[in-house]
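A.B. asks: Below you'll find start_28.txt; it's compact mmCIF, C-alpha atoms.
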```
# COMPACT_ATOMS: atom_id res chain seq x y z
CA MET J 28 -17.20 9.39 58.42
CA LEU J 29 -18.77 12.69 57.37
CA GLU J 30 -16.81 14.70 54.78
CA VAL J 31 -17.68 18.39 54.94
CA LEU J 32 -16.68 20.17 51.73
CA TYR J 33 -17.89 23.65 52.68
CA GLU J 34 -19.81 25.30 55.47
CA ASP J 35 -20.80 28.75 56.60
CA ASN J 36 -23.60 30.12 58.79
CA HIS J 37 -26.21 29.41 56.10
CA ILE J 38 -25.33 26.23 54.19
CA ILE J 39 -23.25 23.11 54.49
CA ALA J 40 -22.00 20.98 51.57
CA ILE J 41 -21.35 17.29 52.18
CA ASN J 42 -19.60 14.67 50.05
CA LYS J 43 -22.25 11.94 49.81
CA LYS J 44 -20.91 8.45 49.28
CA SER J 45 -22.70 5.86 47.18
CA GLY J 46 -25.12 3.96 49.42
CA ASP J 47 -25.87 6.87 51.77
CA ILE J 48 -29.44 8.12 51.86
CA VAL J 49 -30.01 11.87 51.99
CA GLN J 50 -33.27 11.80 53.99
CA GLY J 51 -35.02 9.12 56.00
CA ASP J 52 -37.11 6.58 54.11
CA LYS J 53 -39.07 3.39 54.72
CA THR J 54 -35.86 1.34 55.11
CA GLY J 55 -35.26 2.95 58.49
CA ASP J 56 -31.55 3.41 57.65
CA ALA J 57 -29.94 6.44 59.27
CA PRO J 58 -29.96 9.29 56.74
CA LEU J 59 -27.03 11.58 56.01
CA SER J 60 -29.05 14.47 57.47
CA ASP J 61 -28.87 12.83 60.93
CA PHE J 62 -25.07 12.71 60.75
CA VAL J 63 -24.90 16.34 59.59
CA LYS J 64 -27.16 17.45 62.48
CA ALA J 65 -24.97 15.56 64.97
CA TYR J 66 -21.85 17.15 63.47
CA ILE J 67 -23.32 20.68 63.78
CA LYS J 68 -24.62 20.03 67.30
CA LYS J 69 -21.21 18.84 68.49
CA LYS J 70 -19.04 21.36 66.62
CA TYR J 71 -21.05 24.39 67.73
CA ASN J 72 -22.17 22.98 71.12
CA LYS J 73 -25.82 23.58 70.19
CA PRO J 74 -28.47 22.83 72.78
CA GLY J 75 -31.76 21.30 71.63
CA GLU J 76 -32.72 20.46 68.08
CA VAL J 77 -30.52 21.53 65.16
CA PHE J 78 -32.29 23.01 62.12
CA LEU J 79 -31.22 21.38 58.86
CA GLY J 80 -33.14 21.78 55.62
CA THR J 81 -32.64 19.45 52.67
CA ILE J 82 -32.14 21.55 49.53
CA HIS J 83 -31.89 18.68 47.04
CA ARG J 84 -31.47 14.90 47.02
CA LEU J 85 -29.36 12.33 45.25
CA ASP J 86 -30.38 8.73 44.66
CA ARG J 87 -28.89 6.23 47.09
CA PRO J 88 -26.43 4.70 44.56
CA THR J 89 -25.15 8.15 43.52
CA SER J 90 -22.14 9.88 45.05
CA GLY J 91 -21.73 13.64 44.90
CA VAL J 92 -22.23 16.96 46.63
CA VAL J 93 -25.35 17.41 48.77
CA LEU J 94 -26.34 20.83 50.05
CA TYR J 95 -28.21 21.40 53.28
CA ALA J 96 -29.49 24.70 54.65
CA ARG J 97 -28.52 25.60 58.20
CA THR J 98 -31.25 28.26 58.47
CA SER J 99 -34.85 28.48 57.28
CA LYS J 100 -33.99 31.67 55.37
CA ALA J 101 -31.20 29.89 53.49
CA LEU J 102 -33.54 26.96 52.74
CA THR J 103 -36.14 29.30 51.23
CA ARG J 104 -33.56 31.12 49.12
CA MET J 105 -31.80 27.96 47.90
CA ASN J 106 -35.11 26.24 47.09
CA GLU J 107 -36.04 29.26 44.99
CA GLN J 108 -32.71 29.13 43.11
CA PHE J 109 -33.20 25.44 42.32
CA ARG J 110 -36.87 25.97 41.37
CA GLU J 111 -35.97 28.90 39.09
CA LYS J 112 -33.21 26.75 37.52
CA GLN J 113 -30.49 29.18 38.62
CA VAL J 114 -28.39 26.18 39.61
CA GLN J 115 -27.04 23.81 36.95
CA LYS J 116 -26.70 20.19 38.02
CA THR J 117 -24.05 18.21 36.19
CA TYR J 118 -23.61 14.47 36.52
CA TRP J 119 -20.74 12.31 35.38
CA ALA J 120 -21.60 8.71 34.60
CA VAL J 121 -19.56 5.69 33.60
CA VAL J 122 -21.61 3.51 31.25
CA ASP J 123 -21.00 0.12 29.68
CA SER J 124 -21.84 1.03 26.06
CA ALA J 125 -21.29 4.08 23.90
CA PRO J 126 -24.36 6.08 22.93
CA ALA J 127 -25.11 6.23 19.19
CA ASN J 128 -23.95 9.87 19.11
CA ASP J 129 -21.19 11.60 21.07
CA SER J 130 -23.74 14.13 22.36
CA GLY J 131 -27.44 14.70 22.25
CA THR J 132 -30.71 15.30 24.04
CA LEU J 133 -32.93 12.55 25.41
CA GLU J 134 -36.61 13.30 25.75
CA ASN J 135 -39.04 10.75 27.17
CA TYR J 136 -42.02 10.33 29.47
CA LEU J 137 -41.38 8.50 32.74
CA LEU J 138 -43.88 6.63 34.85
CA LYS J 139 -43.05 5.89 38.49
CA ASN J 140 -44.07 2.60 40.10
CA GLN J 141 -44.44 3.50 43.78
CA LYS J 142 -44.46 -0.12 45.02
CA GLN J 143 -41.19 -0.99 43.27
CA ASN J 144 -39.68 2.50 43.74
CA LYS J 145 -38.66 2.41 40.06
CA SER J 146 -39.40 4.53 37.04
CA TYR J 147 -39.96 3.38 33.48
CA ILE J 148 -40.17 4.91 30.01
CA THR J 149 -43.78 5.05 28.93
CA LYS J 150 -45.28 5.56 25.50
CA GLY J 151 -47.39 8.64 25.06
CA SER J 152 -47.74 11.37 27.59
CA ASP J 153 -49.21 9.43 30.54
CA GLY J 154 -45.94 9.90 32.46
CA LYS J 155 -43.89 12.94 33.43
CA HIS J 156 -41.87 14.70 30.74
CA ALA J 157 -38.10 14.10 31.18
CA ILE J 158 -35.31 15.85 29.26
CA LEU J 159 -31.54 15.62 29.60
CA ASP J 160 -28.49 16.54 27.56
CA PHE J 161 -25.48 14.23 27.42
CA LYS J 162 -21.97 14.43 26.05
CA MET J 163 -19.24 11.81 25.72
CA LEU J 164 -16.20 12.95 27.70
CA LYS J 165 -13.88 10.00 27.21
CA LYS J 166 -13.67 6.40 26.04
CA LEU J 167 -12.12 4.28 28.77
CA ASP J 168 -10.78 0.73 28.37
CA ASN J 169 -14.15 -1.02 28.65
CA PHE J 170 -16.46 1.86 29.53
CA PHE J 171 -17.50 5.34 28.46
CA HIS J 172 -17.44 8.52 30.55
CA LEU J 173 -20.48 10.75 29.96
CA GLU J 174 -21.46 14.19 31.22
CA ILE J 175 -25.19 14.60 31.81
CA LYS J 176 -27.14 17.80 32.37
CA PRO J 177 -30.76 17.13 33.29
CA LYS J 178 -33.29 19.74 32.24
CA THR J 179 -35.94 18.13 34.45
CA GLY J 180 -35.58 16.35 37.78
CA ARG J 181 -37.56 13.13 37.50
CA HIS J 182 -37.33 10.04 39.68
CA HIS J 183 -34.35 7.92 38.50
CA GLN J 184 -34.38 9.96 35.28
CA ILE J 185 -30.73 9.62 34.27
CA ARG J 186 -30.52 5.88 34.92
CA VAL J 187 -33.79 5.17 33.08
CA GLN J 188 -33.16 7.38 30.06
CA LEU J 189 -29.60 6.16 29.53
CA ALA J 190 -30.65 2.51 29.91
CA HIS J 191 -33.34 3.15 27.29
CA ILE J 192 -30.61 3.94 24.73
CA GLY J 193 -28.50 0.95 25.82
CA CYS J 194 -26.10 2.76 28.17
CA ILE J 195 -26.20 1.04 31.56
CA ILE J 196 -24.68 3.13 34.35
CA LYS J 197 -21.78 1.57 36.23
CA GLY J 198 -21.13 4.63 38.42
CA ARG J 199 -22.05 8.29 38.64
CA PHE J 200 -21.20 11.47 40.50
CA GLU J 201 -22.99 14.82 40.72
CA VAL J 202 -21.53 18.31 40.79
CA TRP J 203 -23.45 21.57 40.80
CA ARG J 204 -22.73 25.24 40.28
CA GLN J 205 -24.67 28.45 40.22
CA LYS J 206 -25.37 29.71 36.72
CA LYS J 207 -23.73 33.00 35.79
```
When written as structure tokens, how does the structure in this file appear?

C.D. replies:
Amino acid sequence: MLEVLYEDNHIIAINKKSGDIVQGDKTGDAPLSDFVKAYIKKKYNKPGEVFLGTIHRLDRPTSGVVLYARTSKALTRMNEQFREKQVQKTYWAVVDSAPANDSGTLENYLLKNQKQNKSYITKGSDGKHAILDFKMLKKLDNFFHLEIKPKTGRHHQIRVQLAHIGCIIKGRFEVWRQKK
């Protein structure tokens, strides 16, 4: 069931559940974008194809807010805001171990293995530079609640960088807001 959080003539915000894929991939599973197009087509009785532009993506295991553009003009403008880092992405993660410090910055180089669809920390600069800030929000019974603010958007960046410091993700959620 599609959960629409916000919509206007230009954008639509969807609550993505863990396991949903944002865009089609080699698995052939129906992407969230197909369900959003069907929703718009039915709600507004649209003939023909529905335009829907993907503004950003979340990994399949991640739940959170996904934005789609309903017009090409909105897609261009939103892509520019994300590219110019006018939008701050914030992730909340539940991890199995506490980081050594309550807050900090992780800086690594990541190398993507296309065949495995996984990324790894690499020594030296043969990978892509990845930076994120983290902060401990709360100690739970057996887990730790972290807030993560990526400075770069690398493939599986948060999962890989946190695992590298011994913090395995048990769950995560993304929120975003426009910077003031």

A.B. asks: Would you compute an axis-aligned box for stretch 108-122 of chain J, covering every atom listed for it in the file with 8 Å of margin on each side, and report centre and edge lengths in Å to one decimal as AutoDock Vina command-line options?

C.D. replies:
```
--center_x -28.2 --center_y 16.3 --center_z 37.2 --size_x 33.3 --size_y 41.7 --size_z 27.9
```

A.B. asks: Take atom CA of J:Ala96 and atom CA of J:Ile38 and report the distance between them in Å, one decimal.

C.D. replies: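 Separating atom CA of J:Ala96 from atom CA of J:Ile38 is a distance of 4.5 Å.
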
A.B. asks: Which one of J:Lys116, J:Lys197, J:Lys165, J:His183 sits closest to J:Asn144 if you count all atoms listed in the file?

C.D. replies: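 Among the listed residues, J:His183 lies closest to J:Asn144.
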
A.B. asks: Grab the atom CA of J:Leu133 to atom CA of J:Leu173 distance for me, in Å with one decimal place.

C.D. replies: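 Taking atom CA of J:Leu133 and atom CA of J:Leu173, their separation equals 13.4 Å.
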
A.B. asks: Go through J:Ile158, J:Val77, J:Val49, J:Val63 one by one, measure the shortest atom-to-atom distance of each to J:Pro177 using only C-alpha atoms, and give the residue with the smallest value.

C.D. replies: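 Using only C-alpha atoms, J:Pro177 sits closest to J:Ile158.
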
A.B. asks: Report, in Å with one decimal, the straight-line distance from atom CA of J:Ile39 to atom CA of J:Gly91.

C.D. replies: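 Atom CA of J:Gly91 lies 13.6 Å from atom CA of J:Ile39.
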
A.B. asks: Which one of J:Ile148, J:Gln141, J:Lys68, J:Ser124 sits closest to J:Gly193 if you count only C-alpha atoms?

C.D. replies: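 Counting only C-alpha atoms, the residue closest to J:Gly193 is J:Ser124.
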
A.B. asks: What lies within 8 Å of J:Val122 using all atoms listed in the file, ignoring chain neighbours under 6 positions off, as a list in words?

C.D. replies: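 Near J:Val122, the qualifying residues are Phe170, Phe171, His172, Leu173, Cys194, Ile195, Ile196, Lys197 and Gly198 of chain J.
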
A.B. asks: Using only C-alpha atoms for the distances, tell me which of J:Leu59, J:Leu29, J:Leu189, J:Ile48 is nearest to J:Asn135.

C.D. replies: J:Leu189

A.B. asks: Could you tell me which of J:Thr89, J:Lys139, J:His191, J:His37 comes closest to J:Arg104 if we count only C-alpha atoms?

C.D. replies: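 Counting only C-alpha atoms, the residue closest to J:Arg104 is J:His37.
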
A.B. asks: From the options J:Leu159, J:Ile67, J:Val114, J:Val92, which residue's atoms come nearest to J:Gln184, counting all atoms listed in the file?

C.D. replies: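 Of the candidates, the smallest distance to J:Gln184 is held by J:Leu159.
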
A.B. asks: Which neighbours of J:Thr149 fall inside 12 Å, counting all atoms listed in the file, when residues of the same chain fewer than 3 positions from it are skipped, and could you give them as a list in words?

C.D. replies: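 My reading of the contact set: Glu134, Asn135, Tyr136, Leu137, Leu138, Lys139, Asn140, Ser146, Ser152, Asp153, Gly154, Lys155, His156, Ala157, Val187, Gln188 and His191 of chain J.
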
A.B. asks: Those same residues, written as a PDB file, keeping the file's coordinate frame with C-alpha atoms?

C.D. replies:
```
ATOM      1  CA  GLU J 134     -36.610  13.300  25.750  1.00  0.00           C
ATOM      2  CA  ASN J 135     -39.040  10.750  27.170  1.00  0.00           C
ATOM      3  CA  TYR J 136     -42.020  10.330  29.470  1.00  0.00           C
ATOM      4  CA  LEU J 137     -41.380   8.500  32.740  1.00  0.00           C
ATOM      5  CA  LEU J 138     -43.880   6.630  34.850  1.00  0.00           C
ATOM      6  CA  LYS J 139     -43.050   5.890  38.490  1.00  0.00           C
ATOM      7  CA  ASN J 140     -44.070   2.600  40.100  1.00  0.00           C
ATOM      8  CA  SER J 146     -39.400   4.530  37.040  1.00  0.00           C
ATOM      9  CA  SER J 152     -47.740  11.370  27.590  1.00  0.00           C
ATOM     10  CA  ASP J 153     -49.210   9.430  30.540  1.00  0.00           C
ATOM     11  CA  GLY J 154     -45.940   9.900  32.460  1.00  0.00           C
ATOM     12  CA  LYS J 155     -43.890  12.940  33.430  1.00  0.00           C
ATOM     13  CA  HIS J 156     -41.870  14.700  30.740  1.00  0.00           C
ATOM     14  CA  ALA J 157     -38.100  14.100  31.180  1.00  0.00           C
ATOM     15  CA  VAL J 187     -33.790   5.170  33.080  1.00  0.00           C
ATOM     16  CA  GLN J 188     -33.160   7.380  30.060  1.00  0.00           C
ATOM     17  CA  HIS J 191     -33.340   3.150  27.290  1.00  0.00           C
TER      18      HIS J 191
END
```

A.B. asks: May I have the residues within 12 Å of J:Phe62 as an MDAnalysis selection string, using only C-alpha atoms and disregarding those fewer than 4 positions away in the same chain?

C.D. replies: chainID J and resid 28:31 41 43 47:51 56:58 66:69 77 79 95
